[in-house]
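**Q** To start, I am sharing the structure in question, which I have written as structure tokens.
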Amino acid sequence: LRGDRQHGTIGLPLPESLVVRVTDRFGDPVPAVQVSWTPGGGGSVSPASVLTDLAGQAATQRVLGSQPGNPTTTATASGLADDPVTFTATALAARLTLLTEPSASGSSGIALAQQPVLQLEEPGGDPIARGDIAVTVQIASGGGTLSGETTAISDGSGRVTFTGLMIRGTPGVRTLIFAAEGFTPVTSPPIAIGVGTAASIAAAAGGNQSATVGSAVPVAPAVVVRDADGNLVGGVAVTFTVASGGGSVAGGAAITGDDGSAAVGEWRLGTTAGSNTLQARAEGSGVMGNPVVFSATGRPGPLSASRSTVSAAPASIAASTGGSVALVTVRAKDEF
């Protein structure tokens, strides 16, 4: 089930236990079956015999022998002696050890504050002073991408120093694995990766609206801020300001929430009918999309009798049978 084809250091336990599962002919787990473990090529197992649990599983810890090679471990179940399971391993005479662990936490797309340092070692823990050994690192669990110096070369003391390593991807926990030919690899402790810094801003709501002049638009304009990997970024300051058309804003200084969004409290249009624009700018340098521009059209308001006018040209004419005329003009206006 688990633990096959591992690499380990001679004289030490393999990193992962060896696990088998016993099932019936329908694939259902069978508990309380005696499983015997037999090491081949030196070393030992603990326990050497164990009953399967309710999930039908039985496990043992394999300790490698004193010689490099490819030792095996055989699991035999009671009543299934003709159907054993064999695990293989690679026993190496040297190992990699983490002298300095990478940071326990970091942000997507930002170099880890604490970069890993490793040492080439003998099985007993004594350092191996050997230069020009290439050690590579990659993500062992959690997904995403790893960038920076993913291969480092040991110096004359056998020390390996990495620089500029950064993990990109969705928030979550990762582990890194370091490997070199002829050495047992080592896996880092968990690294919690959060969202990166603000890298882009885009409109989320409230574009291309219309409203009566001097009144607020029906939908408050809103933006969404993301990091370079598309993760939503909270805690970013966003400033909304009127760009054209007059008018005013309330709540123009906003902060993005956990969903990466921020909205203006209110956008009230100017008193002149026509085009109005509002800008939203995220704090920080190099933010793509800065500023986001929202457009709205101001419509005339209700008719105002006091602001509307009536005029005649000429203002007076002599009575006639139709030969004398005046042009009467009514100009309808709103309160502005």
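The chains in the structure tokens are called A, B, ... from first to last as shown; in each chain the residues are counted from 1, and the ligands are counted from 1 in the order shown.
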If we count only C-alpha atoms, what is near range 94-109 of chain A at a cut-off of 7 Å, once residues fewer than 4 positions away on the same chain are taken out, given as a ChimeraX atom specification?
**A** /A:9,113-123,166-169,182-186,188,190-196
**Q** I need the chosen residues saved as an mmCIF file, in the first residue's frame, with N, CA, C and O atoms.
**A**
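Done, and the output landed in part.cif:
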data_model
loop_
_atom_site.group_PDB
_atom_site.id
_atom_site.type_symbol
_atom_site.label_atom_id
_atom_site.label_comp_id
_atom_site.auth_asym_id
_atom_site.auth_seq_id
_atom_site.Cartn_x
_atom_site.Cartn_y
_atom_site.Cartn_z
ATOM 1 N N THR A 9 19.449 5.862 4.392
ATOM 2 C CA THR A 9 20.861 5.801 4.754
ATOM 3 C C THR A 9 21.137 4.497 5.483
ATOM 4 O O THR A 9 20.335 4.066 6.331
ATOM 5 N N ALA A 113 12.144 34.043 3.531
ATOM 6 C CA ALA A 113 13.027 34.887 4.337
ATOM 7 C C ALA A 113 14.248 34.099 4.809
ATOM 8 O O ALA A 113 15.362 34.624 4.865
ATOM 9 N N GLN A 114 14.036 32.832 5.167
ATOM 10 C CA GLN A 114 15.143 31.976 5.598
ATOM 11 C C GLN A 114 15.380 30.908 4.539
ATOM 12 O O GLN A 114 14.529 30.039 4.327
ATOM 13 N N GLN A 115 16.521 30.976 3.890
ATOM 14 C CA GLN A 115 16.851 30.034 2.827
ATOM 15 C C GLN A 115 17.546 28.808 3.413
ATOM 16 O O GLN A 115 18.295 28.905 4.384
ATOM 17 N N PRO A 116 17.297 27.602 2.834
ATOM 18 C CA PRO A 116 17.847 26.370 3.405
ATOM 19 C C PRO A 116 19.352 26.213 3.184
ATOM 20 O O PRO A 116 19.890 26.624 2.158
ATOM 21 N N VAL A 117 20.001 25.610 4.178
ATOM 22 C CA VAL A 117 21.417 25.250 4.102
ATOM 23 C C VAL A 117 21.525 23.781 4.493
ATOM 24 O O VAL A 117 20.965 23.363 5.517
ATOM 25 N N LEU A 118 22.238 22.985 3.684
ATOM 26 C CA LEU A 118 22.365 21.555 3.938
ATOM 27 C C LEU A 118 23.818 21.171 4.131
ATOM 28 O O LEU A 118 24.740 21.923 3.790
ATOM 29 N N GLN A 119 24.025 19.956 4.660
ATOM 30 C CA GLN A 119 25.356 19.412 4.857
ATOM 31 C C GLN A 119 25.388 17.975 4.361
ATOM 32 O O GLN A 119 24.457 17.207 4.591
ATOM 33 N N LEU A 120 26.468 17.631 3.643
ATOM 34 C CA LEU A 120 26.698 16.228 3.286
ATOM 35 C C LEU A 120 27.225 15.520 4.528
ATOM 36 O O LEU A 120 28.129 16.009 5.198
ATOM 37 N N GLU A 121 26.630 14.341 4.852
ATOM 38 C CA GLU A 121 27.014 13.652 6.083
ATOM 39 C C GLU A 121 27.206 12.157 5.868
ATOM 40 O O GLU A 121 26.589 11.544 4.983
ATOM 41 N N GLU A 122 28.060 11.586 6.735
ATOM 42 C CA GLU A 122 28.168 10.146 6.851
ATOM 43 C C GLU A 122 26.946 9.629 7.614
ATOM 44 O O GLU A 122 26.251 10.413 8.293
ATOM 45 N N PRO A 123 26.658 8.313 7.541
ATOM 46 C CA PRO A 123 25.512 7.774 8.278
ATOM 47 C C PRO A 123 25.551 8.080 9.774
ATOM 48 O O PRO A 123 24.516 8.279 10.403
ATOM 49 N N MET A 166 11.565 30.575 -3.933
ATOM 50 C CA MET A 166 10.221 31.087 -3.675
ATOM 51 C C MET A 166 9.198 30.112 -4.216
ATOM 52 O O MET A 166 9.436 29.418 -5.224
ATOM 53 N N ILE A 167 8.072 30.021 -3.529
ATOM 54 C CA ILE A 167 6.985 29.122 -3.908
ATOM 55 C C ILE A 167 5.832 29.966 -4.421
ATOM 56 O O ILE A 167 5.458 30.962 -3.804
ATOM 57 N N ARG A 168 5.251 29.546 -5.538
ATOM 58 C CA ARG A 168 4.109 30.245 -6.109
ATOM 59 C C ARG A 168 2.939 29.280 -6.163
ATOM 60 O O ARG A 168 3.104 28.099 -6.448
ATOM 61 N N GLY A 169 1.746 29.812 -5.909
ATOM 62 C CA GLY A 169 0.543 28.992 -5.988
ATOM 63 C C GLY A 169 -0.502 29.456 -4.998
ATOM 64 O O GLY A 169 -0.366 30.494 -4.353
ATOM 65 N N GLY A 182 23.639 9.584 -4.986
ATOM 66 C CA GLY A 182 24.460 8.891 -4.007
ATOM 67 C C GLY A 182 24.205 9.289 -2.568
ATOM 68 O O GLY A 182 24.865 8.773 -1.653
ATOM 69 N N PHE A 183 23.227 10.174 -2.327
ATOM 70 C CA PHE A 183 22.911 10.631 -0.975
ATOM 71 C C PHE A 183 21.431 10.407 -0.688
ATOM 72 O O PHE A 183 20.587 10.570 -1.567
ATOM 73 N N THR A 184 21.144 10.042 0.559
ATOM 74 C CA THR A 184 19.747 9.926 0.961
ATOM 75 C C THR A 184 19.103 11.305 0.973
ATOM 76 O O THR A 184 19.639 12.233 1.587
ATOM 77 N N PRO A 185 17.970 11.483 0.295
ATOM 78 C CA PRO A 185 17.334 12.810 0.273
ATOM 79 C C PRO A 185 16.759 13.183 1.629
ATOM 80 O O PRO A 185 16.581 12.336 2.508
ATOM 81 N N VAL A 186 16.458 14.466 1.790
ATOM 82 C CA VAL A 186 15.854 14.951 3.025
ATOM 83 C C VAL A 186 14.690 15.860 2.656
ATOM 84 O O VAL A 186 14.734 16.592 1.672
ATOM 85 N N SER A 188 11.907 18.828 3.884
ATOM 86 C CA SER A 188 11.779 19.946 4.813
ATOM 87 C C SER A 188 10.546 19.799 5.690
ATOM 88 O O SER A 188 9.605 19.077 5.338
ATOM 89 N N PRO A 190 6.944 21.338 7.174
ATOM 90 C CA PRO A 190 5.904 22.039 6.416
ATOM 91 C C PRO A 190 6.170 23.541 6.330
ATOM 92 O O PRO A 190 6.672 24.165 7.259
ATOM 93 N N ILE A 191 5.823 24.105 5.168
ATOM 94 C CA ILE A 191 5.955 25.544 4.922
ATOM 95 C C ILE A 191 4.573 26.078 4.551
ATOM 96 O O ILE A 191 3.986 25.653 3.561
ATOM 97 N N ALA A 192 4.050 26.982 5.365
ATOM 98 C CA ALA A 192 2.727 27.560 5.106
ATOM 99 C C ALA A 192 2.883 28.756 4.170
ATOM 100 O O ALA A 192 3.569 29.722 4.505
ATOM 101 N N ILE A 193 2.252 28.685 3.002
ATOM 102 C CA ILE A 193 2.351 29.752 2.011
ATOM 103 C C ILE A 193 1.029 30.522 1.960
ATOM 104 O O ILE A 193 -0.039 29.934 1.781
ATOM 105 N N GLY A 194 1.118 31.847 2.133
ATOM 106 C CA GLY A 194 -0.052 32.710 2.031
ATOM 107 C C GLY A 194 -0.043 33.467 0.718
ATOM 108 O O GLY A 194 0.809 33.244 -0.145
ATOM 109 N N VAL A 195 -1.005 34.366 0.551
ATOM 110 C CA VAL A 195 -1.104 35.133 -0.694
ATOM 111 C C VAL A 195 0.068 36.102 -0.792
ATOM 112 O O VAL A 195 0.674 36.484 0.212
ATOM 113 N N GLY A 196 0.390 36.491 -2.026
ATOM 114 C CA GLY A 196 1.469 37.434 -2.255
ATOM 115 C C GLY A 196 0.994 38.870 -2.160
ATOM 116 O O GLY A 196 -0.120 39.159 -1.703
#
**Q** List every residue of range 68-121 of chain A that has an atom at most 6 Å from any atom of range 32-53 of chain A, and for each one report the closest atom pair and its distance in Å to one decimal, counting only C-alpha atoms, with rows sorted by chain and then by increasing residue number, as a Markdown table.
**A**
| residue | atom | partner | partner_atom | distance |
| --- | --- | --- | --- | --- |
| A:Pro71 | CA | A:Gly41 | CA | 4.7 |
| A:Thr72 | CA | A:Gly40 | CA | 4.9 |
| A:Thr73 | CA | A:Pro39 | CA | 4.5 |
| A:Thr74 | CA | A:Thr38 | CA | 5.1 |
| A:Ala75 | CA | A:Trp37 | CA | 4.6 |
| A:Thr76 | CA | A:Ser36 | CA | 5.2 |
| A:Ala77 | CA | A:Val35 | CA | 4.4 |
| A:Ser78 | CA | A:Gln34 | CA | 5.3 |
**Q** Write out the residues from the selection above, keeping N, CA, C and O atoms, as an mmCIF file, in the first residue's frame.
**A**
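Done, and the output landed in part-v4.cif:
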data_model
loop_
_atom_site.group_PDB
_atom_site.id
_atom_site.type_symbol
_atom_site.label_atom_id
_atom_site.label_comp_id
_atom_site.auth_asym_id
_atom_site.auth_seq_id
_atom_site.Cartn_x
_atom_site.Cartn_y
_atom_site.Cartn_z
ATOM 1 N N PRO A 71 18.211 -3.453 -0.613
ATOM 2 C CA PRO A 71 17.596 -4.472 0.236
ATOM 3 C C PRO A 71 16.102 -4.597 -0.040
ATOM 4 O O PRO A 71 15.454 -3.662 -0.519
ATOM 5 N N THR A 72 15.574 -5.771 0.290
ATOM 6 C CA THR A 72 14.147 -6.036 0.116
ATOM 7 C C THR A 72 13.508 -6.335 1.466
ATOM 8 O O THR A 72 14.195 -6.635 2.445
ATOM 9 N N THR A 73 12.207 -6.233 1.485
ATOM 10 C CA THR A 73 11.422 -6.605 2.661
ATOM 11 C C THR A 73 10.184 -7.331 2.152
ATOM 12 O O THR A 73 9.471 -6.804 1.285
ATOM 13 N N THR A 74 9.916 -8.514 2.683
ATOM 14 C CA THR A 74 8.797 -9.329 2.219
ATOM 15 C C THR A 74 7.741 -9.425 3.303
ATOM 16 O O THR A 74 8.050 -9.686 4.469
ATOM 17 N N ALA A 75 6.482 -9.218 2.905
ATOM 18 C CA ALA A 75 5.341 -9.363 3.807
ATOM 19 C C ALA A 75 4.540 -10.588 3.380
ATOM 20 O O ALA A 75 4.176 -10.711 2.203
ATOM 21 N N THR A 76 4.273 -11.486 4.335
ATOM 22 C CA THR A 76 3.503 -12.693 4.061
ATOM 23 C C THR A 76 2.321 -12.747 5.017
ATOM 24 O O THR A 76 2.490 -12.553 6.227
ATOM 25 N N ALA A 77 1.122 -12.977 4.481
ATOM 26 C CA ALA A 77 -0.083 -13.041 5.301
ATOM 27 C C ALA A 77 -0.450 -14.477 5.586
ATOM 28 O O ALA A 77 -0.278 -15.365 4.735
ATOM 29 N N SER A 78 -0.939 -14.714 6.795
ATOM 30 C CA SER A 78 -1.386 -16.048 7.188
ATOM 31 C C SER A 78 -2.454 -16.541 6.226
ATOM 32 O O SER A 78 -3.443 -15.862 5.970
#
**Q** Quick one: residues within 6 Å of Leu64 in chain A, only C-alpha atoms counted, chain neighbours fewer than 5 positions away excluded, as a PyMOL selection string?
**A** chain A and resi 10-12+43
**Q** Write to file, as a PDB file, in the first residue's frame, the residues of the selection just made, with C-alpha atoms.
**A**
ATOM      1  CA  ILE A  10      22.590   2.577   5.819  1.00  0.00           C
ATOM      2  CA  GLY A  11      22.008   1.710   9.470  1.00  0.00           C
ATOM      3  CA  LEU A  12      18.993   4.035   9.769  1.00  0.00           C
ATOM      4  CA  GLY A  43      18.935  -4.737   8.709  1.00  0.00           C
TER       5      GLY A  43
END
**Q** Determine, counting only C-alpha atoms, which protein, DNA and RNA residues have an atom within 7 Å of an atom of range 21-31 of chain A; residues of the same chain fewer than 2 positions away are not included. Present the result as JSON, numbers by chain.
**A** {"A": [1, 19, 33, 52, 53, 54, 55, 56, 57, 58]}
**Q** For Leu232 in chain A, work out the shell of residues within 8 Å, counting only C-alpha atoms and skipping chain neighbours fewer than 2 positions away, then give it as a list of chain:residue names.
**A**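 Once the nearby chain positions are removed, what remains is A:Val195, A:Val224, A:Val225, A:Arg226, A:Asp227, A:Gly230, A:Gly234, A:Asp258, A:Asp259, A:Gly260.
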**Q** List the spatial neighbours of Val217 in chain A as number ranges by chain - criterion: any atom at most 9 Å away, only C-alpha atoms, same-chain residues fewer than 4 positions off excluded.
**A** A: 206, 209-212, 221, 266-269, 296
**Q** Using only C-alpha atoms, which of A:Val85, A:Val287, A:Ala152, A:Ile255 sits nearest Val20 in chain A?
**A** A:Val85
**Q** If I take CA of Arg5 in chain A and CA of Val135 in chain A, how far is one from the other in Å, to one decimal?
**A**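 CA of Arg5 in chain A sits 20.2 Å away from CA of Val135 in chain A.
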**Q** Skipping near chain neighbours, those fewer than 4 positions away, what residues fall within 10 Å of Glu16 in chain A using only C-alpha atoms, listed as a PyMOL selection string?
**A** chain A and resi 2-4+6-8+60-62
**Q** Any chance you could export the current selection's C-alpha atoms as an mmCIF file, in the first residue's frame?
**A**
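Below you can see selection.cif, which holds the result:
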data_model
loop_
_atom_site.group_PDB
_atom_site.id
_atom_site.type_symbol
_atom_site.label_atom_id
_atom_site.label_comp_id
_atom_site.auth_asym_id
_atom_site.auth_seq_id
_atom_site.Cartn_x
_atom_site.Cartn_y
_atom_site.Cartn_z
ATOM 1 C CA ARG A 2 2.784 2.473 0.946
ATOM 2 C CA GLY A 3 6.548 2.596 1.446
ATOM 3 C CA ASP A 4 7.919 0.888 -1.657
ATOM 4 C CA GLN A 6 12.295 4.464 -0.792
ATOM 5 C CA HIS A 7 15.836 5.813 -0.397
ATOM 6 C CA GLY A 8 17.534 5.627 2.977
ATOM 7 C CA THR A 60 6.341 -2.167 10.007
ATOM 8 C CA GLN A 61 9.386 0.089 10.326
ATOM 9 C CA ARG A 62 12.351 -0.981 8.183
#
**Q** Suppose you want the space between CA of Asp83 in chain A and CA of Gly69 in chain A; what is it in Å?
**A** 25.0 Å
**Q** Which residues in range 74-297 of chain A does DSSP call strand (DSSP E or B)? List them as a PyMOL selection string.
**A** chain A and resi 74-77+85-92+95-100+105-107+117-121+127+134-141+145-147+151-153+159-161+166-168+172-180+183-187+191-194+200-205+209-212+216+222-226+232+237-244+248-250+253-255+261-263+266-268+274-282+288+292-297
**Q** Take the residues from that selection and write them out as a compact mmCIF listing (two decimals), in the first residue's frame, keeping C-alpha atoms.
**A**
# COMPACT_ATOMS: atom_id res chain seq x y z
CA THR A 74 8.80 -9.33 2.22
CA ALA A 75 5.34 -9.36 3.81
CA THR A 76 3.50 -12.69 4.06
CA ALA A 77 -0.08 -13.04 5.30
CA VAL A 85 4.35 -8.66 -1.16
CA THR A 86 7.94 -7.49 -1.66
CA PHE A 87 9.20 -3.97 -1.02
CA THR A 88 12.49 -2.68 -2.42
CA ALA A 89 14.68 0.13 -1.13
CA THR A 90 17.93 1.86 -1.97
CA ALA A 91 20.47 1.96 0.86
CA LEU A 92 23.05 4.73 0.54
CA ARG A 95 22.88 11.48 3.44
CA LEU A 96 21.76 15.09 3.20
CA THR A 97 20.96 16.94 6.42
CA LEU A 98 19.27 20.30 6.86
CA LEU A 99 21.48 22.64 8.88
CA THR A 100 19.11 25.57 8.32
CA SER A 105 5.85 30.43 6.43
CA GLY A 106 5.99 32.73 3.43
CA SER A 107 4.00 34.44 0.69
CA VAL A 117 21.42 25.25 4.10
CA LEU A 118 22.36 21.56 3.94
CA GLN A 119 25.36 19.41 4.86
CA LEU A 120 26.70 16.23 3.29
CA GLU A 121 27.01 13.65 6.08
CA PRO A 127 30.25 15.84 7.91
CA ALA A 134 24.96 19.11 -7.10
CA VAL A 135 21.90 19.17 -4.83
CA THR A 136 18.48 19.84 -6.34
CA VAL A 137 15.25 20.86 -4.64
CA GLN A 138 11.65 20.54 -5.70
CA ILE A 139 8.19 20.63 -4.15
CA ALA A 140 7.44 17.31 -2.47
CA SER A 141 3.83 18.00 -1.49
CA THR A 145 5.78 25.94 -8.56
CA LEU A 146 9.22 26.52 -7.11
CA SER A 147 11.57 29.13 -8.54
CA THR A 151 20.20 23.57 -7.83
CA ALA A 152 23.11 24.39 -5.53
CA ILE A 153 26.68 23.04 -5.42
CA ARG A 159 27.92 22.60 2.83
CA VAL A 160 25.16 23.46 0.34
CA THR A 161 23.50 26.88 0.42
CA MET A 166 10.22 31.09 -3.67
CA ILE A 167 6.99 29.12 -3.91
CA ARG A 168 4.11 30.25 -6.11
CA GLY A 172 -1.62 26.17 1.61
CA VAL A 173 1.12 24.00 3.11
CA ARG A 174 4.08 22.67 1.11
CA THR A 175 7.14 20.55 1.79
CA LEU A 176 10.40 20.59 -0.17
CA ILE A 177 12.64 17.61 -0.93
CA PHE A 178 16.40 17.94 -1.46
CA ALA A 179 18.25 15.23 -3.39
CA ALA A 180 21.72 14.44 -4.75
CA PHE A 183 22.91 10.63 -0.98
CA THR A 184 19.75 9.93 0.96
CA PRO A 185 17.33 12.81 0.27
CA VAL A 186 15.85 14.95 3.02
CA THR A 187 12.42 16.58 3.23
CA ILE A 191 5.96 25.54 4.92
CA ALA A 192 2.73 27.56 5.11
CA ILE A 193 2.35 29.75 2.01
CA GLY A 194 -0.05 32.71 2.03
CA SER A 200 -3.34 43.64 -10.26
CA ILE A 201 -6.60 45.53 -9.81
CA ALA A 202 -9.77 45.21 -11.87
CA ALA A 203 -13.38 46.38 -11.80
CA ALA A 204 -15.76 44.07 -9.96
CA ALA A 205 -19.05 46.03 -10.02
CA GLN A 209 -24.26 53.22 -15.01
CA SER A 210 -26.62 56.17 -15.26
CA ALA A 211 -28.37 58.26 -12.62
CA THR A 212 -30.09 61.59 -12.19
CA ALA A 216 -25.81 58.61 -6.26
CA ALA A 222 -16.10 48.04 -6.53
CA VAL A 223 -12.73 46.54 -7.46
CA VAL A 224 -10.93 43.25 -6.82
CA VAL A 225 -7.19 42.98 -6.07
CA ARG A 226 -5.11 39.86 -6.78
CA LEU A 232 -7.33 37.36 -3.81
CA ALA A 237 -5.71 50.24 0.57
CA VAL A 238 -7.82 51.43 -2.39
CA THR A 239 -8.62 55.12 -2.99
CA PHE A 240 -11.67 56.21 -5.02
CA THR A 241 -11.59 59.75 -6.45
CA VAL A 242 -13.76 61.71 -8.89
CA ALA A 243 -11.92 62.15 -12.20
CA SER A 244 -14.42 64.16 -14.26
CA SER A 248 -18.41 63.62 -4.95
CA VAL A 249 -17.61 60.37 -3.13
CA ALA A 250 -18.24 59.17 0.40
CA ALA A 253 -10.67 55.34 1.30
CA ALA A 254 -11.40 51.60 1.37
CA ILE A 255 -9.53 48.42 2.35
CA SER A 261 -12.70 43.35 -2.97
CA ALA A 262 -13.24 46.97 -1.93
CA ALA A 263 -16.10 49.35 -2.78
CA GLU A 266 -21.18 56.32 -2.43
CA TRP A 267 -20.56 58.01 -5.79
CA ARG A 268 -22.77 61.06 -6.32
CA GLY A 274 -23.47 64.03 -19.37
CA SER A 275 -20.33 62.01 -18.72
CA ASN A 276 -18.85 61.35 -15.26
CA THR A 277 -15.79 59.26 -14.36
CA LEU A 278 -14.43 57.82 -11.12
CA GLN A 279 -10.95 56.38 -10.52
CA ALA A 280 -9.94 53.58 -8.13
CA ARG A 281 -6.24 53.17 -7.35
CA ALA A 282 -4.66 50.36 -5.28
CA MET A 288 -1.32 46.30 -13.14
CA VAL A 292 -9.51 51.44 -12.69
CA VAL A 293 -11.86 53.96 -14.36
CA PHE A 294 -15.65 53.78 -13.90
CA SER A 295 -18.01 55.70 -16.21
CA ALA A 296 -21.54 56.94 -15.54
CA THR A 297 -23.98 59.20 -17.37
